[in-house]
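Source file work.txt; content: compact mmCIF, N, CA and C atoms.
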# COMPACT_ATOMS: atom_id res chain seq x y z
N MET Z 4 0.80 -1.21 0.00
CA MET Z 4 0.00 0.00 0.00
C MET Z 4 0.84 1.27 0.00
N PRO Z 5 1.89 1.36 0.77
CA PRO Z 5 2.64 2.60 0.77
C PRO Z 5 3.23 2.90 -0.60
N ARG Z 6 3.50 1.86 -1.35
CA ARG Z 6 4.09 2.08 -2.67
C ARG Z 6 3.11 2.81 -3.59
N ALA Z 7 1.84 2.42 -3.57
CA ALA Z 7 0.84 3.08 -4.40
C ALA Z 7 0.68 4.53 -3.97
N LYS Z 8 0.75 4.78 -2.66
CA LYS Z 8 0.63 6.14 -2.16
C LYS Z 8 1.83 6.97 -2.62
N LYS Z 9 2.97 6.34 -2.64
CA LYS Z 9 4.18 7.04 -3.06
C LYS Z 9 4.09 7.43 -4.53
N SER Z 10 3.56 6.55 -5.38
CA SER Z 10 3.44 6.87 -6.80
C SER Z 10 2.42 7.99 -7.01
N ARG Z 11 1.39 8.02 -6.18
CA ARG Z 11 0.43 9.11 -6.29
C ARG Z 11 1.09 10.44 -5.94
N ASN Z 12 1.88 10.42 -4.89
CA ASN Z 12 2.58 11.64 -4.51
C ASN Z 12 3.56 12.07 -5.59
N ALA Z 13 4.24 11.11 -6.17
CA ALA Z 13 5.17 11.44 -7.25
C ALA Z 13 4.43 12.01 -8.45
N LYS Z 14 3.27 11.47 -8.69
CA LYS Z 14 2.46 11.98 -9.80
C LYS Z 14 2.02 13.40 -9.51
N ASN Z 15 1.62 13.68 -8.26
CA ASN Z 15 1.20 15.03 -7.90
C ASN Z 15 2.36 16.01 -8.01
N VAL Z 16 3.55 15.58 -7.65
CA VAL Z 16 4.73 16.43 -7.75
C VAL Z 16 5.01 16.74 -9.22
N GLU Z 17 4.91 15.71 -10.08
CA GLU Z 17 5.13 15.92 -11.51
C GLU Z 17 4.10 16.87 -12.07
N GLU Z 18 2.84 16.72 -11.68
CA GLU Z 18 1.80 17.61 -12.16
C GLU Z 18 2.05 19.05 -11.72
N THR Z 19 2.50 19.21 -10.48
CA THR Z 19 2.81 20.55 -9.98
C THR Z 19 3.96 21.15 -10.75
N GLU Z 20 4.99 20.34 -11.01
CA GLU Z 20 6.13 20.84 -11.77
C GLU Z 20 5.71 21.21 -13.19
N LEU Z 21 4.85 20.38 -13.81
CA LEU Z 21 4.39 20.66 -15.16
C LEU Z 21 3.50 21.90 -15.20
N ALA Z 22 2.74 22.12 -14.12
CA ALA Z 22 1.86 23.28 -14.10
C ALA Z 22 2.64 24.58 -14.10
N ASP Z 23 3.84 24.56 -13.56
CA ASP Z 23 4.66 25.77 -13.50
C ASP Z 23 5.63 25.88 -14.66
N SER Z 24 5.61 24.93 -15.58
CA SER Z 24 6.56 24.97 -16.69
C SER Z 24 6.16 26.04 -17.69
N PRO Z 25 7.12 26.54 -18.48
CA PRO Z 25 6.81 27.57 -19.48
C PRO Z 25 5.83 27.10 -20.55
N VAL Z 26 5.87 25.81 -20.86
CA VAL Z 26 4.96 25.28 -21.88
C VAL Z 26 3.52 25.36 -21.40
N SER Z 27 3.28 24.96 -20.15
CA SER Z 27 1.91 25.00 -19.64
C SER Z 27 1.44 26.43 -19.48
N THR Z 28 2.35 27.34 -19.12
CA THR Z 28 1.98 28.75 -19.03
C THR Z 28 1.57 29.28 -20.38
N ALA Z 29 2.30 28.91 -21.42
CA ALA Z 29 1.95 29.35 -22.78
C ALA Z 29 0.61 28.77 -23.20
N ARG Z 30 0.34 27.53 -22.81
CA ARG Z 30 -0.95 26.92 -23.14
C ARG Z 30 -2.09 27.66 -22.47
N ARG Z 31 -1.88 28.03 -21.19
CA ARG Z 31 -2.92 28.77 -20.48
C ARG Z 31 -3.16 30.12 -21.14
N ARG Z 32 -2.12 30.76 -21.58
CA ARG Z 32 -2.27 32.05 -22.24
C ARG Z 32 -3.01 31.91 -23.57
N SER Z 33 -2.73 30.82 -24.29
CA SER Z 33 -3.37 30.64 -25.60
C SER Z 33 -4.85 30.29 -25.46
N ARG Z 34 -5.27 29.84 -24.29
CA ARG Z 34 -6.68 29.52 -24.08
C ARG Z 34 -7.52 30.77 -23.84
N LYS Z 35 -6.88 31.90 -23.61
CA LYS Z 35 -7.62 33.13 -23.41
C LYS Z 35 -8.32 33.54 -24.69
N ASP Z 36 -9.20 34.49 -24.59
CA ASP Z 36 -9.93 35.01 -25.74
C ASP Z 36 -8.95 35.65 -26.71
N PRO Z 37 -8.88 35.16 -27.97
CA PRO Z 37 -7.92 35.71 -28.92
C PRO Z 37 -8.20 37.15 -29.33
N THR Z 38 -9.39 37.65 -29.02
CA THR Z 38 -9.70 39.03 -29.38
C THR Z 38 -9.33 40.02 -28.30
N SER Z 39 -8.91 39.50 -27.13
CA SER Z 39 -8.54 40.41 -26.06
C SER Z 39 -7.24 41.12 -26.40
N SER Z 40 -7.05 42.29 -25.81
CA SER Z 40 -5.90 43.11 -26.16
C SER Z 40 -4.61 42.56 -25.60
N ASP Z 41 -4.65 41.75 -24.52
CA ASP Z 41 -3.42 41.22 -23.96
C ASP Z 41 -2.96 39.95 -24.67
N SER Z 42 -3.72 39.48 -25.63
CA SER Z 42 -3.34 38.30 -26.38
C SER Z 42 -2.25 38.64 -27.39
N PRO Z 43 -1.20 37.81 -27.52
CA PRO Z 43 -0.17 38.10 -28.51
C PRO Z 43 -0.68 37.97 -29.93
N HIS Z 44 -1.78 37.23 -30.12
CA HIS Z 44 -2.33 37.04 -31.46
C HIS Z 44 -3.21 38.22 -31.88
N ALA Z 45 -3.74 38.97 -30.93
CA ALA Z 45 -4.64 40.06 -31.25
C ALA Z 45 -3.91 41.16 -32.02
N SER Z 46 -2.69 41.47 -31.60
CA SER Z 46 -1.96 42.53 -32.30
C SER Z 46 -1.53 42.07 -33.68
N ALA Z 47 -1.21 40.80 -33.84
CA ALA Z 47 -0.82 40.29 -35.16
C ALA Z 47 -2.00 40.33 -36.11
N ASN Z 48 -3.19 40.00 -35.62
CA ASN Z 48 -4.37 40.05 -36.48
C ASN Z 48 -4.76 41.48 -36.82
N ALA Z 49 -4.54 42.40 -35.89
CA ALA Z 49 -4.92 43.79 -36.13
C ALA Z 49 -3.99 44.45 -37.14
N GLU Z 50 -2.76 43.95 -37.25
CA GLU Z 50 -1.80 44.57 -38.14
C GLU Z 50 -1.92 44.09 -39.58
N ARG Z 51 -2.66 43.04 -39.83
CA ARG Z 51 -2.78 42.50 -41.18
C ARG Z 51 -3.69 43.37 -42.04
N PRO Z 52 -3.25 43.73 -43.23
CA PRO Z 52 -4.13 44.48 -44.12
C PRO Z 52 -5.13 43.54 -44.77
N THR Z 53 -6.36 43.95 -44.81
CA THR Z 53 -7.39 43.11 -45.41
C THR Z 53 -7.59 43.42 -46.88
N SER Z 54 -7.28 44.62 -47.31
CA SER Z 54 -7.52 44.98 -48.70
C SER Z 54 -6.51 44.37 -49.65
N GLY Z 55 -5.27 44.18 -49.21
CA GLY Z 55 -4.23 43.65 -50.08
C GLY Z 55 -4.27 42.14 -50.24
N SER Z 56 -4.96 41.45 -49.35
CA SER Z 56 -4.95 39.99 -49.41
C SER Z 56 -5.73 39.47 -50.61
N ALA Z 57 -6.72 40.21 -51.08
CA ALA Z 57 -7.51 39.76 -52.22
C ALA Z 57 -6.69 39.80 -53.50
N ALA Z 58 -5.76 40.73 -53.60
CA ALA Z 58 -4.94 40.84 -54.79
C ALA Z 58 -3.90 39.72 -54.86
N GLN Z 59 -3.58 39.11 -53.72
CA GLN Z 59 -2.57 38.08 -53.69
C GLN Z 59 -3.12 36.69 -53.99
N THR Z 60 -4.41 36.50 -53.89
CA THR Z 60 -4.99 35.19 -54.17
C THR Z 60 -5.06 34.97 -55.67
N PRO Z 61 -4.76 33.77 -56.12
CA PRO Z 61 -4.80 33.52 -57.56
C PRO Z 61 -6.23 33.54 -58.08
N GLN Z 62 -6.41 34.10 -59.25
CA GLN Z 62 -7.72 34.16 -59.87
C GLN Z 62 -7.89 32.97 -60.81
N ILE Z 63 -9.03 32.31 -60.73
CA ILE Z 63 -9.31 31.17 -61.59
C ILE Z 63 -9.99 31.70 -62.84
N PRO Z 64 -9.45 31.39 -64.00
CA PRO Z 64 -10.08 31.87 -65.25
C PRO Z 64 -11.50 31.33 -65.40
N SER Z 65 -12.35 32.12 -66.02
CA SER Z 65 -13.76 31.73 -66.14
C SER Z 65 -13.93 30.51 -67.04
N ASN Z 66 -13.08 30.36 -68.06
CA ASN Z 66 -13.23 29.19 -68.93
C ASN Z 66 -12.94 27.89 -68.17
N VAL Z 67 -12.07 27.95 -67.18
CA VAL Z 67 -11.78 26.76 -66.37
C VAL Z 67 -12.99 26.39 -65.53
N LEU Z 68 -13.63 27.39 -64.94
CA LEU Z 68 -14.83 27.12 -64.14
C LEU Z 68 -15.97 26.62 -65.01
N GLN Z 69 -16.11 27.18 -66.21
CA GLN Z 69 -17.17 26.73 -67.11
C GLN Z 69 -16.95 25.27 -67.50
N LYS Z 70 -15.72 24.92 -67.77
CA LYS Z 70 -15.40 23.54 -68.13
C LYS Z 70 -15.69 22.59 -66.97
N LEU Z 71 -15.33 23.01 -65.75
CA LEU Z 71 -15.58 22.18 -64.58
C LEU Z 71 -17.08 21.96 -64.36
N VAL Z 72 -17.85 23.02 -64.49
CA VAL Z 72 -19.30 22.90 -64.30
C VAL Z 72 -19.92 22.03 -65.39
N ALA Z 73 -19.48 22.22 -66.63
CA ALA Z 73 -20.02 21.43 -67.74
C ALA Z 73 -19.73 19.93 -67.54
N PHE Z 74 -18.49 19.60 -67.20
CA PHE Z 74 -18.16 18.19 -66.99
C PHE Z 74 -18.87 17.64 -65.75
N SER Z 75 -19.10 18.46 -64.74
CA SER Z 75 -19.83 18.00 -63.55
C SER Z 75 -21.26 17.64 -63.90
N VAL Z 76 -21.89 18.47 -64.71
CA VAL Z 76 -23.26 18.19 -65.13
C VAL Z 76 -23.31 16.92 -65.98
N VAL Z 77 -22.37 16.78 -66.90
CA VAL Z 77 -22.32 15.57 -67.74
C VAL Z 77 -22.06 14.35 -66.88
N LEU Z 78 -21.19 14.50 -65.86
CA LEU Z 78 -20.90 13.37 -64.97
C LEU Z 78 -22.12 12.98 -64.15
N LEU Z 79 -22.98 13.92 -63.88
CA LEU Z 79 -24.20 13.62 -63.14
C LEU Z 79 -25.24 12.95 -64.03
N ILE Z 80 -25.39 13.43 -65.25
CA ILE Z 80 -26.48 12.97 -66.11
C ILE Z 80 -26.11 11.73 -66.94
N ALA Z 81 -24.93 11.70 -67.52
CA ALA Z 81 -24.57 10.63 -68.48
C ALA Z 81 -24.64 9.22 -67.89
N PRO Z 82 -24.07 8.96 -66.71
CA PRO Z 82 -24.16 7.58 -66.19
C PRO Z 82 -25.60 7.14 -65.88
N ILE Z 83 -26.41 8.05 -65.37
CA ILE Z 83 -27.81 7.71 -65.08
C ILE Z 83 -28.56 7.42 -66.37
N LEU Z 84 -28.35 8.26 -67.36
CA LEU Z 84 -28.97 8.07 -68.66
C LEU Z 84 -28.50 6.75 -69.30
N ALA Z 85 -27.19 6.50 -69.22
CA ALA Z 85 -26.66 5.26 -69.79
C ALA Z 85 -27.24 4.03 -69.08
N TYR Z 86 -27.41 4.12 -67.76
CA TYR Z 86 -27.96 3.00 -67.01
C TYR Z 86 -29.38 2.67 -67.48
N PHE Z 87 -30.23 3.67 -67.53
CA PHE Z 87 -31.63 3.40 -67.88
C PHE Z 87 -31.80 3.04 -69.36
N LEU Z 88 -31.00 3.66 -70.23
CA LEU Z 88 -31.07 3.27 -71.64
C LEU Z 88 -30.60 1.83 -71.83
N ALA Z 89 -29.51 1.47 -71.17
CA ALA Z 89 -29.01 0.09 -71.28
C ALA Z 89 -29.97 -0.89 -70.62
N LEU Z 90 -30.58 -0.49 -69.52
CA LEU Z 90 -31.50 -1.38 -68.81
C LEU Z 90 -32.74 -1.68 -69.65
N HIS Z 91 -33.29 -0.68 -70.31
CA HIS Z 91 -34.55 -0.88 -71.05
C HIS Z 91 -34.36 -1.32 -72.50
N TYR Z 92 -33.32 -0.86 -73.15
CA TYR Z 92 -33.20 -1.12 -74.58
C TYR Z 92 -32.11 -2.12 -74.98
N VAL Z 93 -31.06 -2.24 -74.19
CA VAL Z 93 -29.95 -3.11 -74.59
C VAL Z 93 -29.99 -4.44 -73.85
N PHE Z 94 -30.11 -4.41 -72.52
CA PHE Z 94 -30.01 -5.63 -71.73
C PHE Z 94 -31.35 -6.16 -71.25
N ALA Z 95 -32.43 -5.58 -71.64
CA ALA Z 95 -33.79 -6.06 -71.37
C ALA Z 95 -34.04 -6.40 -69.90
N GLY Z 96 -33.77 -5.45 -69.02
CA GLY Z 96 -34.10 -5.62 -67.61
C GLY Z 96 -33.00 -6.21 -66.75
N SER Z 97 -31.85 -6.54 -67.28
CA SER Z 97 -30.75 -7.07 -66.48
C SER Z 97 -29.96 -5.89 -65.88
N THR Z 98 -29.96 -5.80 -64.57
CA THR Z 98 -29.40 -4.62 -63.91
C THR Z 98 -27.88 -4.61 -63.83
N THR Z 99 -27.26 -5.78 -63.73
CA THR Z 99 -25.80 -5.82 -63.58
C THR Z 99 -25.08 -5.27 -64.80
N PRO Z 100 -25.39 -5.72 -66.01
CA PRO Z 100 -24.71 -5.14 -67.17
C PRO Z 100 -25.05 -3.65 -67.36
N ALA Z 101 -26.26 -3.25 -66.98
CA ALA Z 101 -26.62 -1.84 -67.09
C ALA Z 101 -25.81 -0.99 -66.10
N ALA Z 102 -25.57 -1.52 -64.91
CA ALA Z 102 -24.75 -0.81 -63.92
C ALA Z 102 -23.30 -0.72 -64.38
N ILE Z 103 -22.81 -1.78 -64.99
CA ILE Z 103 -21.44 -1.75 -65.53
C ILE Z 103 -21.35 -0.71 -66.63
N THR Z 104 -22.37 -0.60 -67.45
CA THR Z 104 -22.41 0.42 -68.50
C THR Z 104 -22.36 1.82 -67.90
N ALA Z 105 -23.08 2.05 -66.81
CA ALA Z 105 -23.07 3.34 -66.15
C ALA Z 105 -21.70 3.65 -65.56
N ALA Z 106 -21.05 2.66 -64.97
CA ALA Z 106 -19.71 2.87 -64.41
C ALA Z 106 -18.69 3.18 -65.50
N VAL Z 107 -18.79 2.47 -66.61
CA VAL Z 107 -17.87 2.74 -67.73
C VAL Z 107 -18.12 4.15 -68.29
N THR Z 108 -19.38 4.54 -68.36
CA THR Z 108 -19.70 5.88 -68.84
C THR Z 108 -19.12 6.95 -67.92
N ALA Z 109 -19.22 6.76 -66.61
CA ALA Z 109 -18.65 7.72 -65.66
C ALA Z 109 -17.13 7.81 -65.82
N ASN Z 110 -16.49 6.67 -66.03
CA ASN Z 110 -15.03 6.67 -66.23
C ASN Z 110 -14.65 7.37 -67.53
N ILE Z 111 -15.45 7.20 -68.56
CA ILE Z 111 -15.17 7.88 -69.83
C ILE Z 111 -15.28 9.40 -69.66
N VAL Z 112 -16.30 9.85 -68.93
CA VAL Z 112 -16.45 11.29 -68.69
C VAL Z 112 -15.28 11.83 -67.88
N LEU Z 113 -14.87 11.11 -66.86
CA LEU Z 113 -13.73 11.54 -66.06
C LEU Z 113 -12.45 11.58 -66.88
N ALA Z 114 -12.23 10.58 -67.70
CA ALA Z 114 -11.05 10.55 -68.56
C ALA Z 114 -11.08 11.71 -69.55
N ALA Z 115 -12.25 12.03 -70.07
CA ALA Z 115 -12.37 13.17 -70.99
C ALA Z 115 -12.05 14.48 -70.28
N TYR Z 116 -12.47 14.62 -69.03
CA TYR Z 116 -12.15 15.84 -68.28
C TYR Z 116 -10.65 15.95 -68.02
N VAL Z 117 -10.03 14.86 -67.64
CA VAL Z 117 -8.58 14.87 -67.42
C VAL Z 117 -7.85 15.22 -68.69
N TYR Z 118 -8.27 14.65 -69.82
CA TYR Z 118 -7.65 14.97 -71.10
C TYR Z 118 -7.83 16.44 -71.47
N ALA Z 119 -9.04 16.95 -71.25
CA ALA Z 119 -9.30 18.36 -71.57
C ALA Z 119 -8.47 19.28 -70.68
N ALA Z 120 -8.31 18.94 -69.42
CA ALA Z 120 -7.50 19.75 -68.52
C ALA Z 120 -6.02 19.64 -68.87
N TRP Z 121 -5.60 18.45 -69.28
CA TRP Z 121 -4.19 18.22 -69.62
C TRP Z 121 -3.79 19.00 -70.87
N THR Z 122 -4.66 19.05 -71.85
CA THR Z 122 -4.33 19.71 -73.11
C THR Z 122 -4.66 21.19 -73.11
N GLU Z 123 -5.21 21.69 -72.02
CA GLU Z 123 -5.55 23.10 -71.93
C GLU Z 123 -4.27 23.94 -71.95
N GLU Z 124 -4.30 25.02 -72.71
CA GLU Z 124 -3.14 25.88 -72.81
C GLU Z 124 -3.02 26.73 -71.56
N GLU Z 125 -1.79 26.81 -71.05
CA GLU Z 125 -1.54 27.69 -69.93
C GLU Z 125 -1.28 29.09 -70.45
N PRO Z 126 -1.72 30.10 -69.73
CA PRO Z 126 -1.45 31.45 -70.20
C PRO Z 126 0.04 31.74 -70.17
N SER Z 127 0.49 32.46 -71.17
CA SER Z 127 1.92 32.78 -71.22
C SER Z 127 2.26 33.78 -70.14
N SER Z 128 3.53 33.95 -69.88
CA SER Z 128 3.95 34.86 -68.82
C SER Z 128 3.62 36.31 -69.20
N ALA Z 129 3.59 36.62 -70.50
CA ALA Z 129 3.21 37.97 -70.92
C ALA Z 129 1.74 38.24 -70.61
N ASP Z 130 0.89 37.25 -70.84
CA ASP Z 130 -0.52 37.41 -70.52
C ASP Z 130 -0.72 37.59 -69.01
N ALA Z 131 0.02 36.83 -68.23
CA ALA Z 131 -0.09 36.92 -66.78
C ALA Z 131 0.37 38.28 -66.29
N SER Z 132 1.45 38.81 -66.86
CA SER Z 132 1.92 40.12 -66.43
C SER Z 132 0.96 41.22 -66.84
N GLU Z 133 0.30 41.07 -68.00
CA GLU Z 133 -0.71 42.05 -68.42
C GLU Z 133 -1.90 42.04 -67.47
N ARG Z 134 -2.34 40.86 -67.05
CA ARG Z 134 -3.47 40.77 -66.12
C ARG Z 134 -3.11 41.35 -64.76
N SER Z 135 -1.89 41.09 -64.28
CA SER Z 135 -1.51 41.64 -62.98
C SER Z 135 -1.39 43.16 -63.05
N ALA Z 136 -0.90 43.69 -64.18
CA ALA Z 136 -0.82 45.14 -64.34
C ALA Z 136 -2.22 45.75 -64.41
N LYS Z 137 -3.15 45.05 -65.04
CA LYS Z 137 -4.52 45.54 -65.13
C LYS Z 137 -5.17 45.56 -63.76
N ARG Z 138 -4.91 44.52 -62.94
CA ARG Z 138 -5.48 44.47 -61.59
C ARG Z 138 -4.92 45.61 -60.74
N LYS Z 139 -3.65 45.93 -60.89
CA LYS Z 139 -3.05 47.00 -60.09
C LYS Z 139 -3.64 48.35 -60.44
N THR Z 140 -4.00 48.55 -61.71
CA THR Z 140 -4.57 49.83 -62.10
C THR Z 140 -6.02 49.96 -61.68
N ASP Z 141 -6.71 48.83 -61.48
CA ASP Z 141 -8.13 48.87 -61.07
C ASP Z 141 -8.27 49.19 -59.65

Represent the structure from my file as structure tokens, please.
Amino acid sequence: MPRAKKSRNAKNVEETELADSPVSTARRRSRKDPTSSDSPHASANAERPTSGSAAQTPQIPSNVLQKLVAFSVVLLIAPILAYFLALHYVFAGSTTPAAITAAVTANIVLAAYVYAAWTEEEPSSADASERSAKRKTD
């Protein structure tokens, strides 16, 4: 029995030592409200400019978004359409081959999107510098 009591006391001593360590003090400080003025993070957040951050984020060209939306719609509609067309007209009610047809159709659409993205031309550095100069003037 005294041995178990001794380990408890040792554990309490370790906890007391850990409570006074710099790491635990930093943890207690970080648990405070980050919006308070005594928080080290509050001054860092207050110093950040909000207007300049939008200019630093990369802009996604509209043709890329249009392509993504178009392929997403095709990916939603084509496999379902292929399933029901194959189910009613090709395989006469057999669901397994119709499901395989739908899966193959989905893979074809995905492969077509990857190919379209792969072969898409990247804007030249001159075009990129013209766009950045235009954004700075706006």

Could you please determine the separation between atom C of Ala109 of chain Z and atom CA of Val76 of chain Z in Å, to one decimal place? 12.1 Å

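Of the residues under consideration (Z:Ala102, Z:Val112, Z:Ala120, Z:Val107), Z:Ala120 shows the shortest atom-to-atom contact distance to Lys70 of chain Z when counting only C-alpha atoms.
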
What separates atom N of Ala106 of chain Z and atom CA of Asn66 of chain Z is a distance of 27.9 Å

With all atoms listed in the file as the atoms that count, which of Z:Ala119, Z:Val72, Z:Ala105, Z:Val67 lies nearest to Leu84 of chain Z?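 Closest to Leu84 of chain Z, using all atoms listed in the file: Z:Ala105.
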
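Restricting the calculation to only N, CA and C atoms, the smallest distance between Pro100 of chain Z and any of Z:Tyr86, Z:Ala73, Z:Thr122, Z:Ala81 is found for Z:Tyr86.
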
Gap from atom N of Val77 of chain Z to atom C of Ala114 of chain Z - Å, one decimal: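 Interatomic distance, atom N of Val77 of chain Z to atom C of Ala114 of chain Z: 12.7 Å.
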